[in-house]
>>> print(open('work_24.csv').read())   # CSV, C-alpha atoms
chain,number,residue,atom,x,y,z
A,1,MET,CA,128.5,190.7,6.8
A,2,PRO,CA,126.0,190.8,9.6
A,3,ARG,CA,124.6,194.2,10.5
A,4,GLN,CA,126.1,195.6,13.7
A,5,ARG,CA,123.5,196.4,16.3
A,6,ASP,CA,123.3,199.8,17.8
A,7,VAL,CA,124.8,200.0,21.2
A,8,ALA,CA,122.3,201.4,23.7
A,9,ARG,CA,123.5,204.7,25.1
A,10,PRO,CA,122.8,205.6,28.8
A,11,THR,CA,120.1,208.1,29.4
A,12,GLY,CA,119.2,210.3,32.3
A,13,ARG,CA,121.5,211.9,34.8
A,14,THR,CA,125.2,211.3,34.4
A,15,GLY,CA,128.2,212.3,36.4
A,16,ARG,CA,128.4,212.0,40.2
A,17,PRO,CA,125.6,210.1,41.9
A,18,PRO,CA,123.1,212.1,43.8
A,19,ALA,CA,124.2,212.9,47.4
A,20,THR,CA,121.3,212.0,49.6
A,21,SER,CA,122.8,211.2,53.0
A,22,ARG,CA,122.3,213.6,55.8
A,23,ALA,CA,126.0,214.2,56.3
A,24,GLU,CA,126.5,215.1,52.6
A,25,ILE,CA,123.5,217.4,52.6
A,26,LEU,CA,124.8,219.2,55.8
A,27,ALA,CA,128.3,219.5,54.4
A,28,ALA,CA,127.0,221.0,51.1
A,29,ALA,CA,124.8,223.4,53.0
A,30,ARG,CA,127.8,224.5,55.2
A,31,LEU,CA,129.9,225.0,52.1
A,32,LEU,CA,127.2,227.0,50.4
A,33,ILE,CA,126.9,229.3,53.3
A,34,ASP,CA,130.6,229.8,53.9
A,35,ARG,CA,131.1,230.5,50.2
A,36,ASP,CA,128.1,232.6,49.3
A,37,GLY,CA,126.6,233.8,52.6
A,38,TRP,CA,123.7,232.9,54.8
A,39,GLU,CA,121.2,234.5,52.5
A,40,SER,CA,122.2,232.2,49.6
A,41,LEU,CA,120.9,229.1,51.4
A,42,THR,CA,117.5,227.9,50.0
A,43,ILE,CA,116.2,224.4,49.5
A,44,ARG,CA,116.1,224.9,45.7
A,45,ARG,CA,119.7,226.2,45.5
A,46,LEU,CA,121.0,223.5,47.9
A,47,ALA,CA,119.3,220.8,45.7
A,48,ALA,CA,121.0,222.3,42.6
A,49,GLU,CA,124.3,222.3,44.5
A,50,LEU,CA,123.9,218.6,45.2
A,51,ASP,CA,122.6,217.9,41.7
A,52,ILE,CA,119.4,216.4,43.1
A,53,GLY,CA,115.7,217.4,43.1
A,54,PRO,CA,114.2,219.5,45.9
A,55,THR,CA,111.9,216.6,46.7
A,56,THR,CA,114.8,214.4,47.6
A,57,LEU,CA,116.0,217.0,50.1
A,58,TYR,CA,112.6,217.1,51.8
A,59,HIS,CA,113.1,213.4,52.8
A,60,HIS,CA,115.8,214.8,55.1
A,61,VAL,CA,114.6,218.3,56.1
A,62,ARG,CA,111.2,219.8,56.6
A,63,ASP,CA,112.2,223.3,55.5
A,64,LYS,CA,115.1,225.8,55.7
A,65,ASP,CA,114.7,226.4,59.4
A,66,ASP,CA,114.9,222.7,60.1
A,67,LEU,CA,118.0,222.5,57.9
A,68,VAL,CA,119.7,225.2,59.8
A,69,VAL,CA,118.8,223.6,63.2
A,70,GLN,CA,120.4,220.4,61.9
A,71,LEU,CA,123.5,222.4,60.9
A,72,VAL,CA,123.6,224.0,64.3
A,73,ASN,CA,123.3,220.7,66.0
A,74,ALA,CA,126.1,219.2,63.9
A,75,HIS,CA,128.2,222.3,64.7
A,76,VAL,CA,127.6,222.0,68.4
A,77,ASP,CA,128.4,218.3,68.2
A,78,GLN,CA,132.0,219.3,67.4
A,79,VAL,CA,132.3,221.7,70.3
A,80,ALA,CA,134.2,220.3,73.2
A,81,ARG,CA,132.4,220.2,76.5
A,82,PRO,CA,134.3,222.5,78.9
A,83,ASP,CA,135.6,221.5,82.3
A,84,LEU,CA,133.0,222.7,84.7
A,85,PRO,CA,134.0,224.3,88.0
A,86,ASP,CA,132.3,223.2,91.3
A,87,ASN,CA,130.7,226.6,91.9
A,88,PRO,CA,127.2,226.7,90.2
A,89,ARG,CA,127.5,230.4,89.4
A,90,ASP,CA,130.9,229.7,87.6
A,91,ARG,CA,129.4,226.8,85.8
A,92,ILE,CA,126.7,229.0,84.3
A,93,ILE,CA,129.3,231.5,83.1
A,94,VAL,CA,131.6,228.8,81.6
A,95,ALA,CA,128.6,227.2,79.8
A,96,TRP,CA,127.4,230.5,78.4
A,97,ALA,CA,130.8,231.6,77.3
A,98,THR,CA,131.2,228.3,75.4
A,99,ILE,CA,127.8,228.7,73.7
A,100,HIS,CA,128.6,232.3,72.7
A,101,ASP,CA,132.0,231.4,71.2
A,102,ALA,CA,130.4,228.5,69.2
A,103,LEU,CA,127.6,230.6,67.8
A,104,ALA,CA,129.9,233.6,67.1
A,105,ASP,CA,131.7,231.4,64.6
A,106,TRP,CA,128.4,230.7,62.9
A,107,PRO,CA,126.3,233.8,63.6
A,108,TRP,CA,123.7,232.8,60.9
A,109,GLY,CA,122.9,229.8,63.1
A,110,ALA,CA,121.6,232.2,65.7
A,111,GLU,CA,119.1,233.6,63.2
A,112,VAL,CA,116.8,230.6,63.4
A,113,LEU,CA,117.2,230.3,67.1
A,114,THR,CA,115.7,233.7,67.9
A,115,ALA,CA,112.2,232.4,68.5
A,116,ASP,CA,111.1,230.7,71.7
A,117,GLY,CA,110.3,227.0,71.1
A,118,PHE,CA,113.6,226.0,69.5
A,119,LEU,CA,114.8,223.9,72.5
A,120,GLY,CA,112.7,220.9,71.4
A,121,ARG,CA,114.6,220.8,68.2
A,122,LEU,CA,118.1,220.8,69.7
A,123,GLY,CA,120.3,217.7,69.8
A,124,ASP,CA,121.9,216.1,72.8
A,125,SER,CA,125.1,218.2,72.6
A,126,ALA,CA,123.3,221.5,72.7
A,127,LEU,CA,120.8,220.3,75.3
A,128,TRP,CA,123.7,219.4,77.6
A,129,PHE,CA,124.6,223.1,77.8
A,130,VAL,CA,121.0,224.1,78.5
A,131,GLU,CA,120.8,221.5,81.3
A,132,THR,CA,124.1,222.7,82.8
A,133,ILE,CA,122.9,226.3,83.0
A,134,VAL,CA,119.4,225.5,84.4
A,135,ALA,CA,120.8,223.0,86.9
A,136,GLY,CA,123.5,225.5,88.0
A,137,ALA,CA,120.8,228.2,88.6
A,138,ILE,CA,118.7,225.8,90.6
A,139,GLU,CA,121.7,224.6,92.7
A,140,TYR,CA,122.5,228.3,93.4
A,141,GLY,CA,119.1,228.8,94.9
A,142,CYS,CA,116.7,229.7,92.0
A,143,THR,CA,113.4,228.0,91.6
A,144,PRO,CA,113.0,225.9,88.4
A,145,LEU,CA,111.0,228.7,86.8
A,146,GLN,CA,113.5,231.3,87.9
A,147,ALA,CA,116.2,229.2,86.2
A,148,VAL,CA,114.2,229.3,83.0
A,149,ASP,CA,113.9,233.1,83.2
A,150,LEU,CA,117.6,233.4,83.8
A,151,PHE,CA,118.4,231.2,80.8
A,152,ARG,CA,116.0,233.1,78.5
A,153,SER,CA,117.3,236.5,79.7
A,154,ILE,CA,121.0,235.6,79.0
A,155,TRP,CA,120.0,233.9,75.8
A,156,TYR,CA,118.3,237.0,74.4
A,157,TYR,CA,121.4,239.1,75.3
A,158,THR,CA,123.8,236.5,73.9
A,159,VAL,CA,122.0,236.1,70.5
A,160,GLY,CA,121.4,239.8,70.3
A,161,GLU,CA,125.1,240.6,70.8
A,162,ILE,CA,126.1,238.0,68.2
A,163,LEU,CA,123.7,239.2,65.6
A,164,VAL,CA,124.4,242.9,66.1
A,165,ARG,CA,128.1,242.3,65.8
A,166,ALA,CA,127.6,240.1,62.7
A,167,HIS,CA,125.3,242.5,60.9
A,168,THR,CA,127.6,245.4,61.8
A,169,ASP,CA,130.6,243.7,60.3
A,170,ARG,CA,128.7,242.8,57.2
A,171,ARG,CA,127.4,246.4,56.8
A,172,ARG,CA,130.8,247.8,57.4
A,173,SER,CA,132.2,245.5,54.7
A,174,ASP,CA,129.4,246.4,52.2
A,175,VAL,CA,129.7,250.2,52.5
A,176,GLY,CA,133.2,250.7,53.7
A,177,ALA,CA,134.3,251.7,57.2
A,178,ALA,CA,134.5,255.4,56.4
A,179,ASP,CA,130.9,255.6,55.3
A,180,PHE,CA,129.6,253.3,58.0
A,181,GLU,CA,130.9,254.9,61.1
A,182,PHE,CA,128.7,257.6,62.6
A,183,GLY,CA,130.2,260.8,63.9
A,184,LEU,CA,128.7,261.8,67.3
A,185,GLY,CA,131.1,264.7,67.2
A,186,LYS,CA,128.9,266.4,64.6
A,187,LEU,CA,126.0,266.6,67.1
A,188,ASP,CA,125.0,269.9,68.6
A,189,PRO,CA,126.6,269.9,72.0
A,190,SER,CA,124.0,272.3,73.4
A,191,ARG,CA,121.3,269.6,72.8
A,192,TYR,CA,123.4,266.4,73.3
A,193,PRO,CA,126.3,267.4,75.5
A,194,GLN,CA,127.3,263.9,76.6
A,195,LEU,CA,127.0,262.3,73.1
A,196,ALA,CA,128.8,265.1,71.4
A,197,ALA,CA,131.6,264.9,74.0
A,198,LEU,CA,132.0,261.2,73.3
A,199,GLY,CA,132.6,261.9,69.6
A,200,ASP,CA,134.3,259.1,67.7
A,201,GLN,CA,134.9,257.2,70.9
A,202,TRP,CA,131.5,255.5,70.7
A,203,PRO,CA,132.1,253.6,67.4
A,204,ALA,CA,135.6,252.7,68.5
A,205,ARG,CA,134.2,251.3,71.7
A,206,SER,CA,131.4,249.4,69.9
A,207,SER,CA,134.0,247.4,68.1
A,208,LEU,CA,135.4,245.9,71.3
A,209,ASP,CA,134.2,242.5,72.4
A,210,ILE,CA,133.0,243.1,76.0
A,211,TYR,CA,130.9,239.9,76.3
A,212,PRO,CA,133.4,238.3,78.6
A,213,LEU,CA,133.2,241.3,80.9
A,214,VAL,CA,129.4,241.8,80.8
A,215,LEU,CA,128.4,238.1,81.1
A,216,PRO,CA,129.5,237.7,84.8
A,217,VAL,CA,127.9,240.9,85.8
A,218,PHE,CA,124.6,239.9,84.1
A,219,VAL,CA,124.7,236.4,85.7
A,220,ASP,CA,125.4,237.8,89.1
A,221,GLY,CA,122.6,240.4,88.8
A,222,LEU,CA,120.0,237.8,87.7
A,223,LEU,CA,121.0,235.3,90.4
A,224,THR,CA,120.9,237.9,93.1
A,225,GLN,CA,117.5,239.2,92.0
A,226,ALA,CA,116.1,235.6,91.8
A,227,THR,CA,117.4,234.3,95.1
A,228,SER,CA,116.4,237.5,97.0
A,229,LYS,CA,112.8,236.6,96.2
A,230,THR,CA,113.1,233.0,97.4
A,231,HIS,CA,114.7,233.7,100.7
>>> encode(input="work_24.csv", output="structure tokens")
Amino acid sequence: MPRQRDVARPTGRTGRPPATSRAEILAAARLLIDRDGWESLTIRRLAAELDIGPTTLYHHVRDKDDLVVQLVNAHVDQVARPDLPDNPRDRIIVAWATIHDALADWPWGAEVLTADGFLGRLGDSALWFVETIVAGAIEYGCTPLQAVDLFRSIWYYTVGEILVRAHTDRRRSDVGAADFEFGLGKLDPSRYPQLAALGDQWPARSSLDIYPLVLPVFVDGLLTQATSKTH
């Protein structure tokens, strides 16, 4: 009886094939963040999640910041462009409100956009909002550089509001609402009469979303200040 030859067994990686497309990488990164939090996202951990080597990831992203910018661009691609009113001041407000709501859903995305210079890394969908705001300011009467200042001022406020609210919610969740809230009512009223009088009203007030109320006031003030210098 002839001797049966050994059947060669497969070697190397088994199971699902490596996911190396940009769409699969971004989907896995989004899942990792949603499941384990923003801090969990690293190139090494994402590579492990995809069952590929970190070197493979670097064919698609330069670093973690680049990965997050790509995630933000992909997120903004899904945001519907709002109907824009004819009035340039109102267009600015509508565009900013849409940006705020989109980033508020993904506050960690704002983390990487806190440094100037990020505009050159944004995709077409995100740049459309920037163009709308700058063009609206110029049409209202601002110079191009004043329009830049207006954008940057509202951007700082918007990102700051989103990050403060996100970090506050996370902190409150970590330590518990009772331990987190500060009591102004415990302050010495002889030294801090107004703060002591506010008491627990301050933390209750800070939980309210006043961005829709403040944004028009902020825009009006910046537009008035800028155009008063050009006329």
>>> atom_distance(input="work_24.csv", atom1="CA of Thr158 in chain A", atom2="CA of Trp106 in chain A")
13.3 Å
>>> closest_residue(input="work_24.csv", among="A:Gln78, A:Asn73, A:Ser206, A:Gln194", to="Gly120 in chain A", atoms="all atoms listed in the file")
A:Asn73
>>> atom_distance(input="work_24.csv", atom1="CA of Thr56 in chain A", atom2="CA of Leu103 in chain A")
28.9 Å
>>> atom_distance(input="work_24.csv", atom1="CA of Trp96 in chain A", atom2="CA of Arg170 in chain A")
24.5 Å
>>> axis_aligned_box(input="work_24.csv", around="range 131-142 of chain A", padding_each_side="4 Å", output="lines of an AutoDock Vina configuration file")
center_x = 120.4
center_y = 225.6
center_z = 88.1
size_x = 15.4
size_y = 16.2
size_z = 21.6
>>> residues_around(input="work_24.csv", residues="range 207-220 of chain A", least_positions_apart="4", cutoff="7 Å", atoms="all atoms listed in the file", output="list in words")
Ile93, Pro203 and Thr224 of chain A
>>> closest_residue(input="work_24.csv", among="A:Ala104, A:Ala126, A:Val164, A:Leu67", to="Ala80 in chain A", atoms="all atoms listed in the file")
A:Ala126
>>> residues_around(input="work_24.csv", residues="Ala95 in chain A", least_positions_apart="3", cutoff="10 Å", atoms="all atoms listed in the file", output="PyMOL selection string")
chain A and resi 81-84+90-92+98-100+128-133+136
>>> residues_near_point(input="work_24.csv", point="(128.8, 229.3, 52.8)", cutoff="12 Å", atoms="only C-alpha atoms", output="ChimeraX atom specification")
/A:26-42,46,49,71,106-109
>>> closest_residue(input="work_24.csv", among="A:Thr20, A:Ser125, A:Thr55, A:Thr114", to="Val76 in chain A", atoms="all atoms listed in the file")
A:Ser125
>>> residues_around(input="work_24.csv", residues="Val134 in chain A", least_positions_apart="6", cutoff="8 Å", atoms="only C-alpha atoms", output="NGL selection string")
:A and (144 or 147-148 or 151)
>>> build_atoms(input="work_24.csv", residues="range 220-231 of chain A", atoms="all heavy atoms", output="compact mmCIF listing (two decimals), in the frame of the given file")
# COMPACT_ATOMS: atom_id res chain seq x y z
N ASP A 220 125.44 237.51 87.69
CA ASP A 220 125.40 237.80 89.10
C ASP A 220 124.10 238.63 89.44
O ASP A 220 123.44 238.38 90.46
CB ASP A 220 126.60 238.67 89.52
CG ASP A 220 127.87 237.84 89.58
OD1 ASP A 220 127.76 236.60 89.68
OD2 ASP A 220 128.97 238.43 89.51
N GLY A 221 123.75 239.56 88.57
CA GLY A 221 122.60 240.40 88.80
C GLY A 221 121.29 239.51 88.78
O GLY A 221 120.41 239.65 89.64
N LEU A 222 121.20 238.61 87.82
CA LEU A 222 120.00 237.80 87.70
C LEU A 222 119.92 236.78 88.87
O LEU A 222 118.83 236.53 89.40
CB LEU A 222 120.04 237.01 86.37
CG LEU A 222 119.83 237.87 85.12
CD1 LEU A 222 120.12 237.05 83.86
CD2 LEU A 222 118.40 238.42 85.07
N LEU A 223 121.05 236.20 89.25
CA LEU A 223 121.00 235.30 90.40
C LEU A 223 120.66 235.98 91.68
O LEU A 223 119.88 235.46 92.48
CB LEU A 223 122.41 234.61 90.53
CG LEU A 223 122.79 233.56 89.46
CD1 LEU A 223 124.23 233.11 89.66
CD2 LEU A 223 121.85 232.36 89.52
N THR A 224 121.22 237.16 91.89
CA THR A 224 120.90 237.90 93.10
C THR A 224 119.44 238.29 93.16
O THR A 224 118.77 238.16 94.20
CB THR A 224 121.78 239.17 93.18
OG1 THR A 224 123.16 238.80 93.21
CG2 THR A 224 121.45 239.99 94.42
N GLN A 225 118.92 238.76 92.03
CA GLN A 225 117.50 239.20 92.00
C GLN A 225 116.60 237.96 92.25
O GLN A 225 115.63 238.06 93.01
CB GLN A 225 117.19 239.77 90.63
CG GLN A 225 115.74 240.23 90.49
CD GLN A 225 115.42 240.70 89.09
OE1 GLN A 225 115.76 240.04 88.12
NE2 GLN A 225 114.78 241.86 88.99
N ALA A 226 116.92 236.82 91.63
CA ALA A 226 116.10 235.60 91.80
C ALA A 226 116.10 235.09 93.19
O ALA A 226 115.05 234.80 93.79
CB ALA A 226 116.47 234.57 90.77
N THR A 227 117.29 234.95 93.75
CA THR A 227 117.40 234.30 95.10
C THR A 227 116.93 235.24 96.18
O THR A 227 116.53 234.77 97.25
CB THR A 227 118.85 233.88 95.33
OG1 THR A 227 119.74 235.00 95.15
CG2 THR A 227 119.25 232.77 94.37
N SER A 228 116.95 236.54 95.96
CA SER A 228 116.40 237.50 97.00
C SER A 228 114.94 237.32 97.16
O SER A 228 114.38 237.64 98.21
CB SER A 228 116.79 238.90 96.64
OG SER A 228 116.11 239.33 95.47
N LYS A 229 114.27 236.82 96.12
CA LYS A 229 112.80 236.60 96.20
C LYS A 229 112.44 235.29 96.79
O LYS A 229 111.29 235.09 97.18
CB LYS A 229 112.23 236.72 94.77
CG LYS A 229 112.39 238.09 94.11
CD LYS A 229 111.81 238.08 92.71
CE LYS A 229 111.96 239.44 92.04
NZ LYS A 229 111.42 239.45 90.65
N THR A 230 113.40 234.37 96.85
CA THR A 230 113.10 233.00 97.40
C THR A 230 113.49 232.86 98.81
O THR A 230 113.18 231.85 99.43
CB THR A 230 113.78 231.96 96.51
OG1 THR A 230 115.20 232.19 96.51
CG2 THR A 230 113.27 232.00 95.08
N HIS A 231 114.24 233.83 99.35
CA HIS A 231 114.70 233.70 100.70
C HIS A 231 113.92 234.63 101.66
O HIS A 231 113.33 235.59 101.23
CB HIS A 231 116.20 234.07 100.82
CG HIS A 231 117.07 233.09 100.08
ND1 HIS A 231 118.32 233.41 99.59
CD2 HIS A 231 116.85 231.80 99.72
CE1 HIS A 231 118.85 232.36 98.99
NE2 HIS A 231 117.97 231.37 99.05
